[in-house]
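A short worksheet on the structure shown next.
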Amino acid sequence: MRLSAYIGGIGVLGPGLNNWPQTAAVLSGRQPYLTTPTALPTPAMLPPAERRRTGRVVKLALAVALEAIASAAADPAEMPCVFSSSGGDGHICHEICQALALSTREVSPTRFSNSVHNVAAGYWSIATGSMAASNVLCAFDASFVAGLLEALTQVTVDRESVLLVAYDTEYPPPLHAKRPLPDALGVAMVLTPERISGSMANIELTLTDEPYDKMADLELETLRGAIPAARSLPLLRLLAMGAPGRAILDYLDISRAAVQIEPCA
Amino acid sequence: MKPLLLAEYTATSCIGRGVAPTLAALVERRSGLRRCEFETVNIDTHIGEVAGVDAQRLPKALQIFDCRNNRLAELAVQQDGFFDAVQAAAARWGRRRVGVFIGTSTAGIMQTELAYRARDAASGALPPSFVYGTTHNSFSVADYLRQRCGLEGPAVAVSAACASSAKVFGSARRMIEAGLIDAALVGGTDSLCLTTLYGFHSLQLTSATPCRPFDSARDGISIGEAAAFALLERVPETLDGNSVLLYGVGESSDAYHMSAPHPEGLGAKRAMQAALDAASMQPGDIDYINLHGTATPSNDRSESQAVTSIFGPTTPCSSTKGATGHTLGAAGALEAVISALAIQNRLMPGGVHTTRVDPTLTAHYIRENRRASVNRVLSNSFGFGGTNCSLIFGRAG
């Protein structure tokens, strides 16, 4: 069975990458890449009580998911999702571990509820009212391709449209020294089994032993190597160019993912 | 969906290492819950601790993975000849053709908890011996098992709170059906840690007594730890009639609240219906339901409503968490193994610790063991974030 789908909408947010149109301009060479800290919007789609409780992971994931859904003009209410992230909310983890190191051990119940790896998927479901299935994955540095594989198998096997959201946020000190992610970066895509109006390109994935692609721009290559979700950059570059092509994405230590892109004319 | 074969399975929890002690505990209605004396924890509660985890060692080459969670995974994978069976599957199908799908909610987070107690007084730095990626990170247990078993197929951790290791069956099913792999090591591992003990306590969700699912006086969970694994393969042409197949997987979201279930169990109902649809079965085809049954007032009320709305008030159901505790991210896989044991041993395990079933809960909760033909079992797992997964297992013949 060929693992393929149509890409119908993209969301991107990261250092110097503000949305998909601007990211596409950078990746296709029409705009220079200028690193600026990732600015995360407050998720207006959540009810105020929930909005106050959201940390950086939720803000990032919801922002890119919303951009992808909006640009695909898709209805999120019945769309299964795959969320993939290399770690949970580092700031919440820091606060809980700090509290547990004290003799009082007073853990905040809200922080504990929000410490689950599927926190963003939970808030997305609340925000959109979607009761469709969500899967929430972690494969450390390999998390982007792990999410893409899961999403493509859902599209291919179950013939349903899927929202893929891959996202990583930084850890504060002292954890930062042990897991030095420089900033937050997220990528989301709507993947559909059939070509629809608004489909941008067809993607087909195979696993390979070939060496992975690097970015020509030094700063973009640094970003690709520093944040797991940025391992998608060679794929995003192909989509930004709007031409057919093939890219090799870094995955596990022993395997890579080859993606073949055919733009929809 | 196309059914899949549970070619092998094993489980380790506070009621036993491996399937024979696990089955014996269920038959004898033994609970493994004890008053909490874990580490430096000072909470009035009962827990399901696996004996001997601290003494377990990892192979020298994989020392970087050393933490309670991976020790528990190592201990469990060596039971019932499971490790050898995975090796045989790798030899048969090829290392690249066997995937790894492991559910966990907190993985080895206890390493980070301990490291935060040993910060450098001047700089605040964590100790040099602390490694994040191969212990605390959710992927560490999947990565450990992948390297331990020498598997080279796709590998991933599913971390969707207490539905994690039920959902791994769905991911593995899709990847086998897509033809990317021929077999999957699926399962879950979650170990005791301070984050979950103090976290659930802060939400007032832990009980001081051993948990009493579906009891009128139920007042919270007992946290447990477990590791349970299965080897999933396509159904071969010839099959032992007593083999257990995975017939259906159903998943849904509540779209309601981060830490409270939908009051009418709409998400749970949707997951159970999706599992029946995937299996092409009717509610009457299910002989026994292994409930999520955490013993919180809200979960059991919501789940009972969802069960009754689909199955009516007569399908026997129970929660085995009175015996094992709530093993969080390992619960789906542990209860998948208990479902398989129920089928192969004609046993509906009655819920222990429950003395008076809440008369307002309409589902048919059983407190005593029943020895009867069990051909089809539905198993529920629900988690924080409103994530739900139901699995249907059944006898092949």
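In the structure tokens, chains take letters A, B, ... by order of appearance, with residues numbered from 1 within each chain and ligands from 1 in the order shown.
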
Please report, as a Markdown table, each residue of chain B lying at most 6 Å from chain A, together with the nearest pair of atoms and the separation in Å rounded to one decimal; use only C-alpha atoms, and order rows by chain and ascending residue number.
```
| residue | atom | partner | partner_atom | distance |
| --- | --- | --- | --- | --- |
| B:Glu113 | CA | A:Cys97 | CA | 5.3 |
| B:Tyr116 | CA | A:Ala101 | CA | 6.0 |
| B:Arg117 | CA | A:Ala101 | CA | 5.1 |
| B:Ala125 | CA | A:Pro174 | CA | 5.4 |
| B:Phe139 | CA | A:Ala139 | CA | 5.0 |
| B:Val156 | CA | A:Ala139 | CA | 5.1 |
| B:Ala157 | CA | A:Cys138 | CA | 5.1 |
| B:Val158 | CA | A:Leu137 | CA | 4.6 |
| B:Ser159 | CA | A:Val136 | CA | 5.7 |
| B:Ala160 | CA | A:Asn118 | CA | 5.0 |
| B:Arg174 | CA | A:Thr153 | CA | 5.9 |
| B:Ala178 | CA | A:Met1 | CA | 5.5 |
| B:Gly199 | CA | A:Phe112 | CA | 5.4 |
| B:Ser202 | CA | A:Pro109 | CA | 5.2 |
| B:Leu203 | CA | A:Pro109 | CA | 5.2 |
| B:Glu251 | CA | A:Ala133 | CA | 5.0 |
| B:Ser252 | CA | A:Ala133 | CA | 4.1 |
| B:Ser253 | CA | A:Met131 | CA | 4.3 |
| B:Asp254 | CA | A:Met131 | CA | 5.5 |
| B:Ala255 | CA | A:Ile126 | CA | 4.1 |
| B:Tyr256 | CA | A:Ile126 | CA | 5.5 |
| B:Gly385 | CA | A:Gly122 | CA | 4.1 |
```

Where in stretch 70-239 of chain A does DSSP assign strand (DSSP E or B), given as a PDB file with C-alpha atoms, in the first residue's frame?
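Done, and the output landed in result_4.pdb:
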```pdb
ATOM      1  CA  CYS A  81      -5.929  14.561  14.709  1.00  0.00           C
ATOM      2  CA  VAL A  82      -2.395  13.380  15.234  1.00  0.00           C
ATOM      3  CA  PHE A  83      -0.417  15.467  17.706  1.00  0.00           C
ATOM      4  CA  SER A  84       3.304  14.740  17.910  1.00  0.00           C
ATOM      5  CA  SER A 134      -6.877  12.116  18.454  1.00  0.00           C
ATOM      6  CA  ASN A 135      -3.572  10.369  18.824  1.00  0.00           C
ATOM      7  CA  VAL A 136      -0.688  11.903  20.742  1.00  0.00           C
ATOM      8  CA  LEU A 137       2.817  10.721  20.044  1.00  0.00           C
ATOM      9  CA  CYS A 138       6.376  11.203  21.167  1.00  0.00           C
ATOM     10  CA  VAL A 162      -6.405  13.946   9.265  1.00  0.00           C
ATOM     11  CA  LEU A 163      -4.945  17.032  10.938  1.00  0.00           C
ATOM     12  CA  LEU A 164      -1.252  16.573  11.776  1.00  0.00           C
ATOM     13  CA  VAL A 165       0.216  18.906  14.405  1.00  0.00           C
ATOM     14  CA  ALA A 166       3.937  18.640  15.288  1.00  0.00           C
ATOM     15  CA  TYR A 167       5.299  21.027  17.897  1.00  0.00           C
ATOM     16  CA  ASP A 168       8.079  21.492  20.413  1.00  0.00           C
ATOM     17  CA  LEU A 185       8.358  25.695  16.713  1.00  0.00           C
ATOM     18  CA  GLY A 186       5.225  24.063  15.342  1.00  0.00           C
ATOM     19  CA  VAL A 187       4.043  22.745  11.975  1.00  0.00           C
ATOM     20  CA  ALA A 188       0.514  21.610  11.099  1.00  0.00           C
ATOM     21  CA  MET A 189      -0.939  20.060   7.938  1.00  0.00           C
ATOM     22  CA  VAL A 190      -4.353  18.937   6.765  1.00  0.00           C
ATOM     23  CA  LEU A 191      -3.948  15.625   4.928  1.00  0.00           C
ATOM     24  CA  THR A 192      -6.771  14.246   2.785  1.00  0.00           C
ATOM     25  CA  ALA A 201       0.361  18.898  -3.383  1.00  0.00           C
ATOM     26  CA  ASN A 202       0.461  15.131  -3.139  1.00  0.00           C
ATOM     27  CA  ILE A 203       2.912  13.630  -0.681  1.00  0.00           C
ATOM     28  CA  GLU A 204       4.178  10.057  -0.716  1.00  0.00           C
ATOM     29  CA  LEU A 205       6.419   8.663   2.005  1.00  0.00           C
ATOM     30  CA  THR A 206       8.824   5.721   2.030  1.00  0.00           C
ATOM     31  CA  LEU A 207      11.409   4.743   4.643  1.00  0.00           C
ATOM     32  CA  THR A 208      15.030   4.809   3.471  1.00  0.00           C
TER      33      THR A 208
END
```

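Taking atom CA of B:Ala55 as the reference point, atom CA of B:Ala330 is found at 20.8 Å.
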
- Task: Do a neighbour search on A:Ala265 at 10 Å with only C-alpha atoms, toss out local chain neighbours closer than 6 positions, and write the hits as JSON, numbers by chain.
- Result: {"A": [199, 200, 201, 242, 243]}

- Message: So that I can see what lies close to B:Leu33, please list as an MDAnalysis selection string the residues with an atom at most 12 Å from it, counting only C-alpha atoms and leaving out residues fewer than 6 positions away in the same chain.
- Response: chainID B and resid 13:16 45:51 207:212 221:225 320:327 352:353

- Extract, using only C-alpha atoms, all DNA, RNA and protein residues at most 9 Å from B:Arg57, discarding same-chain residues fewer than 4 positions from it, and format them as a ChimeraX atom specification. /B:53,63,66,71,74-75

- Output as a PyMOL selection string all residues of stretch 221-380 of chain B that backbone DSSP marks as helix (DSSP H, G or I). chain B and resi 266-279+283-285+297-311+321-324+328-344

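Take atom CA of B:Val77 and atom CA of B:Cys162: the distance between them is 20.8 Å.
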
- Query: Got a sec: who's within 6 Å of B:Leu231, counting only C-alpha atoms, leaving out chain neighbours fewer than 6 positions off, as a list in words?
  - Reply: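 Final neighbour list, sorted by chain and number: Leu6, Ala7, Glu8, Ala184 and Leu185 of chain B.
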
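Across A:Leu27, A:Ala216, A:Ala65, A:Ala73, the tightest approach to A:Pro43 is made by A:Ala65 when counting only C-alpha atoms.
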
- Determine, counting only C-alpha atoms, which protein, DNA and RNA residues have an atom within 12 Å of an atom of B:Glu152; residues of the same chain fewer than 2 positions away are not included. Present the result as a PyMOL selection string. (chain A and resi 207-209+251-256) or (chain B and resi 87+90-91+93-100+142-143+145-150+154-156+181+183-185)

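The spacing separating atom CA of B:Ser105 from atom CA of B:Thr134 amounts to 15.0 Å.
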
- Message: Using only C-alpha atoms for the distances, tell me which of B:Ala306, B:Val168, B:Ala217, B:Leu276 is nearest to B:Arg356.
- Response: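 Distance minimum relative to B:Arg356 lands on B:Ala217.
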